[in-house]
Structure formats: structure tokens, C-alpha cells
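Next comes protein-v4.csv, with CSV, C-alpha atoms and all ligand atoms.
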chain,number,residue,atom,x,y,z
C,1,MET,CA,97.0,85.9,60.0
C,2,LYS,CA,95.7,83.0,62.1
C,3,GLN,CA,92.1,82.3,61.3
C,4,LEU,CA,89.6,81.5,64.0
C,5,ASN,CA,88.5,78.0,62.8
C,6,TYR,CA,85.0,77.5,64.0
C,7,ARG,CA,81.6,77.5,62.3
C,8,PRO,CA,79.1,80.3,63.1
C,9,GLY,CA,76.5,79.4,65.7
C,10,ARG,CA,79.0,77.3,67.7
C,11,ILE,CA,78.1,76.6,71.4
C,12,PHE,CA,81.3,77.1,73.3
C,13,LEU,CA,82.5,75.8,76.7
C,14,SER,CA,83.0,79.2,78.4
C,15,VAL,CA,83.1,82.6,76.8
C,16,PRO,CA,83.3,86.2,78.1
C,17,HIS,CA,80.0,87.8,79.1
C,18,MET,CA,79.9,91.5,79.6
C,19,GLY,CA,77.1,93.0,81.6
C,20,GLY,CA,78.3,95.6,84.1
C,21,HIS,CA,79.7,99.1,83.3
C,22,GLU,CA,82.8,97.7,81.6
C,23,ARG,CA,82.4,100.1,78.7
C,24,ASN,CA,82.4,103.2,81.0
C,25,TYR,CA,85.5,102.2,82.8
C,26,VAL,CA,87.3,101.5,79.5
C,27,GLN,CA,86.1,104.6,77.9
C,28,LYS,CA,87.3,106.7,80.8
C,29,ALA,CA,90.7,105.1,80.6
C,30,LEU,CA,90.9,106.0,76.9
C,31,GLU,CA,89.7,109.5,77.4
C,32,ASP,CA,92.1,110.2,80.2
C,33,ASN,CA,94.9,108.5,78.4
C,34,TRP,CA,95.5,105.9,81.1
C,35,VAL,CA,96.3,103.3,78.4
C,36,THR,CA,99.1,101.8,80.4
C,37,THR,CA,100.0,99.7,83.4
C,38,ALA,CA,99.1,102.6,85.8
C,39,GLY,CA,95.9,104.4,86.3
C,40,PRO,CA,92.9,104.6,88.6
C,41,ASN,CA,91.2,101.3,87.4
C,42,ILE,CA,94.1,99.3,88.9
C,43,PRO,CA,93.7,100.2,92.6
C,44,GLY,CA,89.9,100.4,91.9
C,45,PHE,CA,89.9,96.8,90.6
C,46,GLU,CA,92.1,95.6,93.6
C,47,HIS,CA,89.7,97.3,96.0
C,48,ASP,CA,86.7,95.7,94.3
C,49,VAL,CA,88.3,92.2,94.4
C,50,CYS,CA,88.8,92.7,98.2
C,51,GLN,CA,85.2,93.7,98.5
C,52,HIS,CA,83.9,90.6,96.7
C,53,THR,CA,86.2,88.1,98.4
C,54,ASN,CA,86.8,89.7,101.8
C,55,ALA,CA,90.5,89.5,101.2
C,56,GLN,CA,92.7,92.0,103.0
C,57,HIS,CA,95.1,92.8,100.1
C,58,ALA,CA,94.9,92.3,96.4
C,59,VAL,CA,97.5,92.7,93.7
C,60,ALA,CA,96.3,93.0,90.1
C,61,LEU,CA,98.6,91.1,87.7
C,62,SER,CA,98.9,90.2,84.0
C,63,SER,CA,97.6,86.6,84.5
C,64,GLY,CA,96.7,83.9,87.0
C,65,THR,CA,99.9,82.1,86.0
C,66,ALA,CA,102.0,85.2,86.8
C,67,ALA,CA,100.2,85.5,90.2
C,68,LEU,CA,101.0,81.9,91.0
C,69,HIS,CA,104.7,82.4,90.0
C,70,LEU,CA,104.9,85.5,92.3
C,71,ALA,CA,103.1,83.8,95.1
C,72,LEU,CA,105.5,80.9,95.2
C,73,ARG,CA,108.4,83.4,95.0
C,74,VAL,CA,107.3,85.6,97.9
C,75,LEU,CA,106.5,82.5,99.9
C,76,GLY,CA,110.2,81.7,99.6
C,77,VAL,CA,110.2,78.8,97.2
C,78,LYS,CA,113.7,78.3,95.8
C,79,ALA,CA,115.5,76.1,93.3
C,80,GLY,CA,115.7,72.5,94.7
C,81,ASP,CA,112.7,73.0,97.0
C,82,GLU,CA,109.8,70.6,96.9
C,83,VAL,CA,106.2,71.9,96.3
C,84,ILE,CA,103.3,69.7,96.9
C,85,SER,CA,100.6,70.3,94.2
C,86,SER,CA,97.3,68.8,93.2
C,87,THR,CA,97.8,66.5,90.3
C,88,PHE,CA,94.3,67.0,89.0
C,89,THR,CA,94.6,70.5,87.5
C,90,PHE,CA,95.6,72.6,84.5
C,91,VAL,CA,99.3,72.8,83.8
C,92,ALA,CA,99.4,76.5,84.7
C,93,SER,CA,99.2,75.5,88.4
C,94,ALA,CA,102.4,73.4,88.2
C,95,ASN,CA,104.5,75.3,85.6
C,96,PRO,CA,105.4,78.2,88.0
C,97,VAL,CA,107.0,75.6,90.3
C,98,LEU,CA,109.4,74.7,87.4
C,99,TYR,CA,110.0,78.4,86.7
C,100,LEU,CA,111.6,78.7,90.1
C,101,GLY,CA,113.7,75.5,89.6
C,102,ALA,CA,111.7,73.8,92.3
C,103,THR,CA,110.3,70.3,92.2
C,104,PRO,CA,106.6,69.5,92.1
C,105,VAL,CA,105.3,66.5,94.1
C,106,PHE,CA,101.9,65.5,92.9
C,107,VAL,CA,99.0,64.5,95.1
C,108,ASP,CA,95.8,62.8,93.9
C,109,SER,CA,92.2,63.9,94.6
C,110,GLU,CA,89.5,62.5,96.8
C,111,PRO,CA,86.2,61.6,95.1
C,112,GLU,CA,84.0,64.1,97.0
C,113,THR,CA,85.3,67.4,95.7
C,114,TRP,CA,87.8,66.0,93.1
C,115,ASN,CA,90.4,68.1,94.8
C,116,MET,CA,93.5,67.3,96.9
C,117,ASP,CA,93.1,64.4,99.2
C,118,PRO,CA,94.1,65.6,102.7
C,119,GLU,CA,95.1,62.1,103.8
C,120,LEU,CA,97.4,61.6,100.8
C,121,LEU,CA,98.7,65.1,101.4
C,122,GLU,CA,99.9,64.1,104.8
C,123,LYS,CA,101.5,61.0,103.5
C,124,ALA,CA,103.3,63.0,100.8
C,125,ILE,CA,104.6,65.5,103.4
C,126,GLN,CA,105.9,62.6,105.5
C,127,ASP,CA,107.5,61.0,102.5
C,128,SER,CA,109.3,64.3,101.6
C,129,ILE,CA,110.5,64.7,105.2
C,130,THR,CA,111.8,61.2,105.2
C,131,ARG,CA,113.9,62.1,102.2
C,132,GLY,CA,115.2,65.1,104.0
C,133,LYS,CA,113.1,67.6,102.0
C,134,LYS,CA,110.4,69.2,104.0
C,135,PRO,CA,108.0,70.8,101.4
C,136,ALA,CA,108.3,74.5,101.0
C,137,CYS,CA,104.7,75.0,100.0
C,138,ILE,CA,101.3,73.2,99.5
C,139,LEU,CA,99.6,74.3,96.2
C,140,VAL,CA,96.0,73.3,96.5
C,141,VAL,CA,93.6,73.8,93.5
C,142,HIS,CA,89.8,74.5,93.6
C,143,LEU,CA,89.1,72.8,90.3
C,144,TYR,CA,86.0,73.7,88.2
C,145,GLY,CA,85.0,76.1,91.0
C,146,MET,CA,84.5,73.3,93.6
C,147,PRO,CA,86.3,74.2,96.9
C,148,ALA,CA,88.8,71.7,98.2
C,149,LYS,CA,88.4,70.3,101.8
C,150,MET,CA,90.1,73.3,103.3
C,151,LYS,CA,89.5,72.5,106.9
C,152,GLU,CA,91.3,69.2,106.7
C,153,ILE,CA,94.0,70.6,104.4
C,154,MET,CA,94.7,73.6,106.7
C,155,THR,CA,94.9,71.2,109.7
C,156,VAL,CA,97.6,69.1,108.0
C,157,ALA,CA,99.5,72.2,106.7
C,158,ASP,CA,99.4,73.8,110.2
C,159,ARG,CA,100.6,70.6,111.8
C,160,TYR,CA,103.8,70.7,109.7
C,161,GLU,CA,103.9,74.5,109.5
C,162,ILE,CA,103.9,74.6,105.7
C,163,PRO,CA,102.4,77.6,103.9
C,164,VAL,CA,99.4,77.0,101.7
C,165,LEU,CA,98.9,78.6,98.3
C,166,GLU,CA,95.4,78.3,96.9
C,167,ASP,CA,95.0,78.2,93.1
C,168,ALA,CA,91.4,79.6,93.0
C,169,ALA,CA,91.8,80.5,89.3
C,170,GLU,CA,88.5,78.8,88.5
C,171,ALA,CA,86.8,79.5,91.8
C,172,LEU,CA,86.0,83.2,92.1
C,173,GLY,CA,82.7,83.4,93.9
C,174,SER,CA,83.0,79.9,95.5
C,175,ARG,CA,82.9,79.6,99.2
C,176,TYR,CA,83.9,77.0,101.8
C,177,SER,CA,82.2,77.3,105.2
C,178,GLY,CA,80.9,80.6,104.1
C,179,HIS,CA,84.3,82.1,103.2
C,180,GLN,CA,85.6,82.8,99.7
C,181,VAL,CA,88.2,80.2,98.7
C,182,GLY,CA,91.6,81.8,98.2
C,183,THR,CA,91.4,83.4,101.6
C,184,PHE,CA,92.3,80.3,103.7
C,185,GLY,CA,96.0,79.9,102.8
C,186,LYS,CA,98.8,82.4,103.0
C,187,ILE,CA,98.0,83.5,99.4
C,188,GLY,CA,95.2,82.9,97.0
C,189,VAL,CA,95.2,83.4,93.3
C,190,PHE,CA,92.3,84.2,90.9
C,191,SER,CA,92.4,84.2,87.1
C,192,PHE,CA,90.5,86.7,85.0
C,193,ASN,CA,91.4,85.0,81.7
C,194,GLY,CA,88.7,85.1,79.0
C,195,ASN,CA,87.4,81.6,79.8
C,196,LYS,CA,86.9,82.1,83.5
C,197,ILE,CA,83.6,83.1,85.2
C,198,VAL,CA,84.4,86.8,84.9
C,199,THR,CA,87.3,88.3,82.9
C,200,THR,CA,89.6,91.3,82.3
C,201,SER,CA,90.3,89.7,78.8
C,202,GLY,CA,93.5,88.4,80.4
C,203,GLY,CA,94.7,89.0,84.0
C,204,GLY,CA,95.1,87.6,87.5
C,205,VAL,CA,94.9,88.7,91.1
C,206,LEU,CA,96.9,87.6,94.1
C,207,VAL,CA,95.2,88.0,97.5
C,208,THR,CA,96.7,87.8,101.0
C,209,ALA,CA,96.1,88.9,104.5
C,210,ASP,CA,99.8,89.7,104.8
C,211,ALA,CA,100.6,93.3,103.8
C,212,ALA,CA,104.3,92.5,103.5
C,213,LEU,CA,103.7,89.7,101.0
C,214,ALA,CA,101.4,91.8,98.9
C,215,GLU,CA,103.9,94.6,98.8
C,216,GLU,CA,106.7,92.2,97.9
C,217,ALA,CA,104.6,90.8,95.1
C,218,ALA,CA,103.7,94.2,93.7
C,219,TYR,CA,107.4,95.2,93.8
C,220,LEU,CA,108.6,92.1,91.9
C,221,ALA,CA,105.7,92.5,89.4
C,222,ASN,CA,107.1,95.9,88.5
C,223,GLN,CA,110.7,94.8,87.6
C,224,ALA,CA,111.7,95.0,91.2
C,225,LYS,CA,112.4,98.7,91.0
C,226,ASP,CA,114.0,99.9,94.2
C,227,GLN,CA,113.4,103.4,95.7
C,228,ALA,CA,115.8,105.7,93.8
C,229,PRO,CA,115.6,108.5,91.2
C,230,TYR,CA,117.4,106.2,88.7
C,231,TYR,CA,116.8,102.5,87.9
C,232,LEU,CA,118.1,100.6,90.9
C,233,HIS,CA,117.6,96.9,91.2
C,234,SER,CA,118.7,94.6,94.1
C,235,GLN,CA,116.5,91.7,93.0
C,236,MET,CA,115.4,89.9,89.9
C,237,GLY,CA,111.9,91.1,89.0
C,238,TYR,CA,109.3,90.5,86.3
C,239,ASN,CA,106.9,92.6,84.1
C,240,TYR,CA,103.7,91.2,85.4
C,241,LEU,CA,101.5,94.3,85.7
C,242,LEU,CA,97.9,94.5,84.5
C,243,SER,CA,96.8,97.2,82.1
C,244,ASN,CA,94.5,99.9,83.3
C,245,VAL,CA,92.3,99.2,80.3
C,246,SER,CA,92.0,95.5,81.4
C,247,ALA,CA,91.4,96.5,85.0
C,248,GLY,CA,88.5,98.6,83.8
C,249,ILE,CA,86.9,95.6,82.2
C,250,GLY,CA,87.4,93.7,85.5
C,251,ARG,CA,85.7,96.4,87.5
C,252,GLY,CA,82.6,96.2,85.3
C,253,GLN,CA,82.7,92.4,85.4
C,254,LEU,CA,82.9,92.3,89.2
C,255,GLU,CA,79.6,94.2,89.3
C,256,VAL,CA,77.9,91.1,87.8
C,257,LEU,CA,79.9,88.4,89.6
C,258,GLU,CA,77.1,87.2,91.8
C,259,LYS,CA,74.7,87.2,88.9
C,260,ARG,CA,77.2,85.1,86.9
C,261,VAL,CA,77.6,82.6,89.7
C,262,LYS,CA,73.8,82.3,89.9
C,263,GLN,CA,73.6,81.7,86.1
C,264,ARG,CA,76.3,79.1,86.1
C,265,ARG,CA,74.7,77.3,89.0
C,266,GLU,CA,71.4,77.3,87.1
C,267,ILE,CA,73.1,75.8,84.1
C,268,TYR,CA,74.4,73.0,86.3
C,269,SER,CA,70.9,72.4,87.7
C,270,TYR,CA,69.4,72.4,84.3
C,271,TYR,CA,71.8,69.7,83.0
C,272,LYS,CA,71.3,67.7,86.2
C,273,GLU,CA,67.5,67.8,85.8
C,274,GLN,CA,67.5,67.1,82.1
C,275,LEU,CA,70.0,64.3,82.2
C,276,ARG,CA,68.8,62.5,85.3
C,277,ASP,CA,67.2,59.6,83.4
C,278,ILE,CA,70.5,58.6,81.8
C,279,GLU,CA,71.6,55.6,83.7
C,280,GLY,CA,75.1,55.7,85.0
C,281,LEU,CA,75.7,59.4,84.2
C,282,THR,CA,76.8,61.3,87.3
C,283,PHE,CA,77.6,64.8,88.3
C,284,LEU,CA,79.9,66.4,90.9
C,285,PRO,CA,77.7,67.0,93.8
C,286,GLU,CA,78.3,69.8,96.3
C,287,PRO,CA,79.5,68.4,99.6
C,288,LYS,CA,78.4,70.1,102.9
C,289,SER,CA,80.5,73.2,103.6
C,290,CYS,CA,81.0,73.8,99.8
C,291,PHE,CA,79.4,76.4,97.6
C,292,SER,CA,80.7,76.1,94.1
C,293,ASN,CA,80.5,78.9,91.4
C,294,ARG,CA,79.9,75.9,89.0
C,295,TRP,CA,82.4,77.5,86.6
C,296,LEU,CA,82.0,74.4,84.4
C,297,THR,CA,79.4,71.7,84.6
C,298,THR,CA,81.3,68.4,84.6
C,299,ILE,CA,79.8,64.9,84.1
C,300,LEU,CA,81.0,61.3,84.4
C,301,LEU,CA,79.8,59.2,81.5
C,302,PRO,CA,78.1,55.9,81.9
C,303,GLU,CA,80.2,52.8,81.8
C,304,GLY,CA,81.1,51.9,78.2
C,305,PHE,CA,81.3,55.5,76.9
C,306,LYS,CA,84.6,57.2,76.1
C,307,PRO,CA,84.7,61.0,76.5
C,308,GLU,CA,86.5,61.4,73.2
C,309,GLN,CA,83.8,59.6,71.3
C,310,VAL,CA,81.1,61.7,72.9
C,311,ARG,CA,83.1,64.9,72.3
C,312,GLN,CA,83.4,64.1,68.6
C,313,GLU,CA,79.7,63.4,68.3
C,314,LEU,CA,78.8,66.8,69.8
C,315,GLU,CA,81.4,68.4,67.6
C,316,HIS,CA,79.2,67.4,64.6
C,317,ASP,CA,76.5,69.5,66.1
C,318,ASN,CA,78.9,72.4,66.5
C,319,ILE,CA,79.0,72.0,70.3
C,320,GLU,CA,82.2,72.3,72.2
C,321,THR,CA,82.9,69.9,75.0
C,322,ARG,CA,86.2,68.8,76.6
C,323,PRO,CA,87.6,65.9,78.6
C,324,LEU,CA,88.4,66.8,82.2
C,325,TRP,CA,91.9,68.0,82.9
C,326,LYS,CA,94.5,65.3,82.2
C,327,PRO,CA,96.3,64.9,85.5
C,328,MET,CA,99.8,66.3,85.8
C,329,HIS,CA,101.3,62.9,86.7
C,330,GLN,CA,100.1,61.7,83.3
C,331,GLN,CA,101.8,64.6,81.4
C,332,PRO,CA,105.1,63.8,79.6
C,333,LEU,CA,106.4,67.1,81.1
C,334,PHE,CA,106.1,65.7,84.6
C,335,ALA,CA,106.9,62.0,83.9
C,336,ASN,CA,109.9,62.0,86.2
C,337,TYR,CA,108.3,63.6,89.3
C,338,THR,CA,107.0,62.0,92.4
C,339,TYR,CA,103.3,61.2,92.5
C,340,HIS,CA,101.1,60.0,95.4
C,341,GLY,CA,98.1,58.4,93.8
C,342,ASN,CA,94.9,56.6,94.7
C,343,GLY,CA,93.4,56.3,91.2
C,344,THR,CA,90.8,59.0,91.5
C,345,SER,CA,92.1,61.5,89.0
C,346,ASP,CA,93.0,58.8,86.5
C,347,ARG,CA,89.4,57.5,86.7
C,348,LEU,CA,87.9,61.0,86.4
C,349,PHE,CA,90.0,61.7,83.3
C,350,GLU,CA,88.9,58.3,81.8
C,351,ARG,CA,85.2,59.1,82.2
C,352,GLY,CA,84.7,62.8,82.5
C,353,LEU,CA,83.5,65.5,80.2
C,354,CYS,CA,83.0,69.3,80.6
C,355,LEU,CA,79.8,70.7,79.2
C,356,PRO,CA,79.1,74.1,77.7
C,357,SER,CA,78.7,76.4,80.7
C,358,SER,CA,78.9,80.0,79.5
C,359,SER,CA,76.5,82.3,81.5
C,360,SER,CA,75.4,83.7,78.1
C,361,LEU,CA,73.9,80.4,76.9
C,362,THR,CA,70.2,80.6,76.0
C,363,GLU,CA,67.6,78.0,76.9
C,364,GLU,CA,67.6,77.0,73.2
C,365,ASP,CA,71.4,76.4,73.4
C,366,LEU,CA,71.0,74.3,76.5
C,367,GLU,CA,68.2,72.2,74.9
C,368,LYS,CA,70.4,71.6,71.9
C,369,VAL,CA,73.3,70.4,74.1
C,370,VAL,CA,71.0,68.0,76.0
C,371,ARG,CA,69.4,66.7,72.8
C,372,ALA,CA,72.8,66.0,71.3
C,373,LEU,CA,74.2,64.4,74.5
C,374,LYS,CA,71.1,62.1,74.8
C,375,GLN,CA,71.5,61.1,71.2
C,376,ALA,CA,75.2,60.3,71.7
C,377,LEU,CA,74.5,58.2,74.8
C,378,GLU,CA,71.6,56.3,73.3
C,379,GLU,CA,73.7,54.4,70.7
C,401,LIG,C1,93.2,79.4,84.2
C,401,LIG,C2,93.9,78.7,85.2
C,401,LIG,C3,95.2,79.1,85.6
C,401,LIG,C4,95.9,80.2,84.9
C,401,LIG,O1,95.3,81.4,84.8
C,401,LIG,P1,95.7,82.4,83.6
C,401,LIG,O2,95.1,83.7,84.0
C,401,LIG,O3,95.1,81.8,82.4
C,401,LIG,O4,97.2,82.5,83.5
C,401,LIG,C5,95.8,78.5,86.7
C,401,LIG,N1,95.2,77.4,87.3
C,401,LIG,C6,94.0,77.0,86.9
C,401,LIG,C7,93.4,75.8,87.6
C,401,LIG,C8,93.3,77.6,85.8
C,401,LIG,O5,92.2,77.1,85.4
Take the structure in this file and express it as C-alpha cells.
Ligand SMILES: *Cc1c(COP(=O)(O)O)cnc(C)c1O
Amino acid sequence: MKQLNYRPGRIFLSVPHMGGHERNYVQKALEDNWVTTAGPNIPGFEHDVCQHTNAQHAVALSSGTAALHLALRVLGVKAGDEVISSTFTFVASANPVLYLGATPVFVDSEPETWNMDPELLEKAIQDSITRGKKPACILVVHLYGMPAKMKEIMTVADRYEIPVLEDAAEALGSRYSGHQVGTFGKIGVFSFNGNKIVTTSGGGVLVTADAALAEEAAYLANQAKDQAPYYLHSQMGYNYLLSNVSAGIGRGQLEVLEKRVKQRREIYSYYKEQLRDIEGLTFLPEPKSCFSNRWLTTILLPEGFKPEQVRQELEHDNIETRPLWKPMHQQPLFANYTYHGNGTSDRLFERGLCLPSSSSLTEEDLEKVVRALKQALEE
């Protein structure tokens, strides 16, 4: 059996944190024998997600990655199509483009939100059109919980009539102009993986205002079973359903979502206050119109410090930190794809570090992280 290789007392980046009535929902599922991919927690969880996000329709799925895959599929992305994607993201954003045989085109970030640059987006669209390939979809990511500049991005998308898919996997509870991110484009996706702000242990949700798209996604997620007394299939489907047990955890977690957002934001403020005297160390501020769930607190190190060296020093103190996401255009997997760059994500990856941000961290934990970080940056 694979051993978990960490020392006791470790301070992690982001771990699950129960706190609502998770146990009751799970217990009821066990008692009533709804230990399967059907049962009352599933519509209940979907309903709760709609309540918290103001989305019209929600489809509970086995992961955020599955939700992105289905979203691209129901938006009509086919083999050979081009999909414009943020380059500064986790690989789970871009892999579903490959699952469909489509071609990702990567667009760099702007420095204010670290998310997709709307001007570069427009250049990328024009470039694709010049090559005779109008993009089939724009996949915009709200990284680390910070909303992308959705007003500008939607304006560009509408100008060219290209559907927008929002990867809000890290951004449940984040708002742009007062609205939950994930509800601006045709489809939004949230992840409930164990490392996210709230969790179902593993899971994802697709949200949309379009009832037909939601229905199509739910159909494909259940092996594309057509209406018939026997197994009838006219399309290729997937097994992407969420378990009723997991959905029960999700229902309990959504009860404390606002509290978790508050706690993560307080952690950000704590670091910002405690580290303000370190010259050259900067944070990701919250631009006007943006309200971030501060899923992870991210810093840019002062000139002359490498994230890997600082990461290793904190590792000695049993503290987990991580470099920022390595951009997709730097990944060997995507070496041969088009990339529209301006240097922002390269620079962020060069200098950035994610700090422990679990909502369950104690003041003592946070003090320990600050102490270790100050020490690492004094040398
Ligand atoms: C976590 C994450 C995903 C994938 O979600 P899973 O539920 O882990 O499949 C997609 N995109 C981003 C940006 C993520 O952080």
C-alpha cells in the first residue's frame, strides 16, 4: 500500500475542513441505502449550489475535470476545433480540450488579476480567424479565486459571438461586480476536490442558465442513456455521476461556504500585515469589481529569491508551499500549440509562491509560517 509520506504536525497548503451537517447527510445516505450515484442528496446539492451562486441550473458531477469535459462537449467543441484557454492555470483546464481532439490556443495573463488578458484574447481570436479557424470556445480561468476581467472578456466574446466557458474550479464564493463567477459565460464549472475551498471529497458541478445545456450534460454524464425500457444509446456518453454520499458531504460544506471565504480572506490579510516590512515582497491585490475567495494566498518573492529555494527552506520546518502554476505554454505536453504571450505568466511562475491557506489553520500555525518565511528571506 502507498504510504502517506509526511511528518506529523505538517502545515499543508489547503486541506478539507468539515463544519456543517456533513455527518447527518452522509449518515442518512447510509441508513437509507442511497450509497450510489442516485439519491436525494444529489438534487439537494444541485439546489444548494444554485442557491449559493445564483445559477439557474446545476449538474453534480464526479470532478471539475469531468464538468469541463462535458461543458466543452455540450458547447459543440469537436475534433479539429480551436479553443482559446488561459495559459496560467492547472492542466485540468486544458486537458479536456485534448480529450475532444480539439486544439488549445493559449493566452497570457494581465498583471492585475493574473487571469486572461482581454486584449491578447482579441488578438488571439483575430489570429485564429485569419488562419480560417474561428475559435469554438473561450475557456477563461479564475485562478486562485481571483475573478478574471469578465466585463472586458464578455465584450470581446460577444463581439465575435464565441461562447465562454468559465473554469471557476478555484473560485466558488468569488464575485465579480457582485455576481458569482461562473455565471457570466454560457457555462461555469466548480470543483469540489479535497484541496478546494469546500469539498465533496471529490466532485464537480456545471452551472448554466440554459436548461437544454444542463439537460444534455446530465444525459451525457449518465452514459447517454436514451429513453427506452432497454439500454439504448444514440450518442457516446461518460460515467461522470457524483455519488449520493459525496453529495451529502457537499451539502454540509455549502452550509459553511461563506464562513470559509471569510476565513481564507482573513488568512490573506494576516500574511499581508505580517509580511509588509519585507522589501520587494508583493501580493495579488483585489482590483475594483473583484471579490476573491482567496482560495490560496500567493506572494511574489523579492528580487534575488527563487521560489524553489524558499520552498525547500520551509519544507525543513514541515511547512508545505508551492510554486505558482507552471503555465501551459511551458508544459512539454503543450509544446507544439499556439501561444499568445506578454511575459506575465512566465514572470509570475519565476517569482511566485503559494502559502498555506487552509481555513483550519490556527494562529499558531500562521505565526510559524511567517517566522519561517521571514527567516528564509533574511539570508
Ligand atoms: C482543481 C482544478 C480543476 C479540476 O478540478 P477537479 O475536481 O480536481 O477535477 C480544474 N481547473 C482548475 C483551475 C483547478 O484548480
Separation of atom CA of Trp325 of chain C from atom CA of Ser345 of chain C in Å: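 Interatomic distance, atom CA of Ser345 of chain C to atom CA of Trp325 of chain C: 8.9 Å.
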Segment 52-58 of chain C surroundings by only C-alpha atoms, 7 Å radius, close-in-sequence under 4 positions cut, as an MDAnalysis selection string: chainID C and resid 46 48 180 183 205:209 211 214
Shortest interatomic distance to ligand LIG 401 (chain C) - which of C:Pro147, C:Pro285, C:Gly64, C:Gly237, counting only C-alpha atoms and all ligand atoms: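 Residue with the minimum atom-to-atom distance to ligand LIG 401 (chain C): C:Gly64.
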Residue nearest Lys368 of chain C among C:Arg351, C:Phe184, C:Ile162, C:Leu314 (counting all atoms listed in the file):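 Result for the nearest residue to Lys368 of chain C: C:Leu314.
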Residue with smallest distance to Leu120 of chain C - pool C:Ala218, C:Leu100, C:Ala92, C:Ile153, counting all atoms listed in the file: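 Closest candidate: C:Ile153.
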Which residue of C:Cys354, C:Leu300, C:Ala171, C:Ala228 approaches ligand LIG 401 (chain C) most closely, using only C-alpha atoms and all ligand atoms: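 Counting only C-alpha atoms and all ligand atoms, the residue closest to ligand LIG 401 (chain C) is C:Ala171.
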Serialized segment 215-256 of chain C w/ C-alpha atoms as a PDB file, in the first residue's frame:
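Saved to out.pdb:
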ATOM      1  CA  GLU C 215     -30.085  18.504 -19.563  1.00  0.00           C
ATOM      2  CA  GLU C 216     -27.626  17.484 -22.282  1.00  0.00           C
ATOM      3  CA  ALA C 217     -24.740  17.444 -19.776  1.00  0.00           C
ATOM      4  CA  ALA C 218     -26.735  15.311 -17.309  1.00  0.00           C
ATOM      5  CA  TYR C 219     -27.632  12.893 -20.119  1.00  0.00           C
ATOM      6  CA  LEU C 220     -24.034  12.500 -21.325  1.00  0.00           C
ATOM      7  CA  ALA C 221     -22.802  12.098 -17.730  1.00  0.00           C
ATOM      8  CA  ASN C 222     -25.063   9.051 -17.326  1.00  0.00           C
ATOM      9  CA  GLN C 223     -23.707   7.023 -20.295  1.00  0.00           C
ATOM     10  CA  ALA C 224     -26.045   8.879 -22.681  1.00  0.00           C
ATOM     11  CA  LYS C 225     -28.945   6.572 -21.892  1.00  0.00           C
ATOM     12  CA  ASP C 226     -31.853   7.276 -24.226  1.00  0.00           C
ATOM     13  CA  GLN C 227     -35.491   6.922 -23.203  1.00  0.00           C
ATOM     14  CA  ALA C 228     -36.270   3.206 -23.616  1.00  0.00           C
ATOM     15  CA  PRO C 229     -37.032   0.163 -21.416  1.00  0.00           C
ATOM     16  CA  TYR C 230     -33.739  -1.395 -22.595  1.00  0.00           C
ATOM     17  CA  TYR C 231     -30.293   0.193 -22.940  1.00  0.00           C
ATOM     18  CA  LEU C 232     -30.497   2.433 -25.958  1.00  0.00           C
ATOM     19  CA  HIS C 233     -27.688   4.766 -26.974  1.00  0.00           C
ATOM     20  CA  SER C 234     -27.581   7.185 -29.861  1.00  0.00           C
ATOM     21  CA  GLN C 235     -24.521   9.098 -28.589  1.00  0.00           C
ATOM     22  CA  MET C 236     -21.231   8.379 -26.862  1.00  0.00           C
ATOM     23  CA  GLY C 237     -21.570   9.140 -23.161  1.00  0.00           C
ATOM     24  CA  TYR C 238     -19.498   9.012 -19.987  1.00  0.00           C
ATOM     25  CA  ASN C 239     -19.808   7.790 -16.413  1.00  0.00           C
ATOM     26  CA  TYR C 240     -19.406  11.153 -14.724  1.00  0.00           C
ATOM     27  CA  LEU C 241     -22.046  10.997 -11.999  1.00  0.00           C
ATOM     28  CA  LEU C 242     -21.397  12.076  -8.417  1.00  0.00           C
ATOM     29  CA  SER C 243     -22.103   9.704  -5.538  1.00  0.00           C
ATOM     30  CA  ASN C 244     -25.028  10.462  -3.226  1.00  0.00           C
ATOM     31  CA  VAL C 245     -22.608  10.042  -0.304  1.00  0.00           C
ATOM     32  CA  SER C 246     -20.262  12.686  -1.718  1.00  0.00           C
ATOM     33  CA  ALA C 247     -23.193  14.987  -2.474  1.00  0.00           C
ATOM     34  CA  GLY C 248     -24.121  14.706   1.211  1.00  0.00           C
ATOM     35  CA  ILE C 249     -20.689  15.997   2.217  1.00  0.00           C
ATOM     36  CA  GLY C 250     -21.141  18.798  -0.292  1.00  0.00           C
ATOM     37  CA  ARG C 251     -24.479  19.836   1.222  1.00  0.00           C
ATOM     38  CA  GLY C 252     -22.890  20.158   4.643  1.00  0.00           C
ATOM     39  CA  GLN C 253     -19.929  22.043   3.216  1.00  0.00           C
ATOM     40  CA  LEU C 254     -22.079  24.598   1.420  1.00  0.00           C
ATOM     41  CA  GLU C 255     -23.612  25.496   4.793  1.00  0.00           C
ATOM     42  CA  VAL C 256     -20.209  26.896   5.791  1.00  0.00           C
TER      43      VAL C 256
END
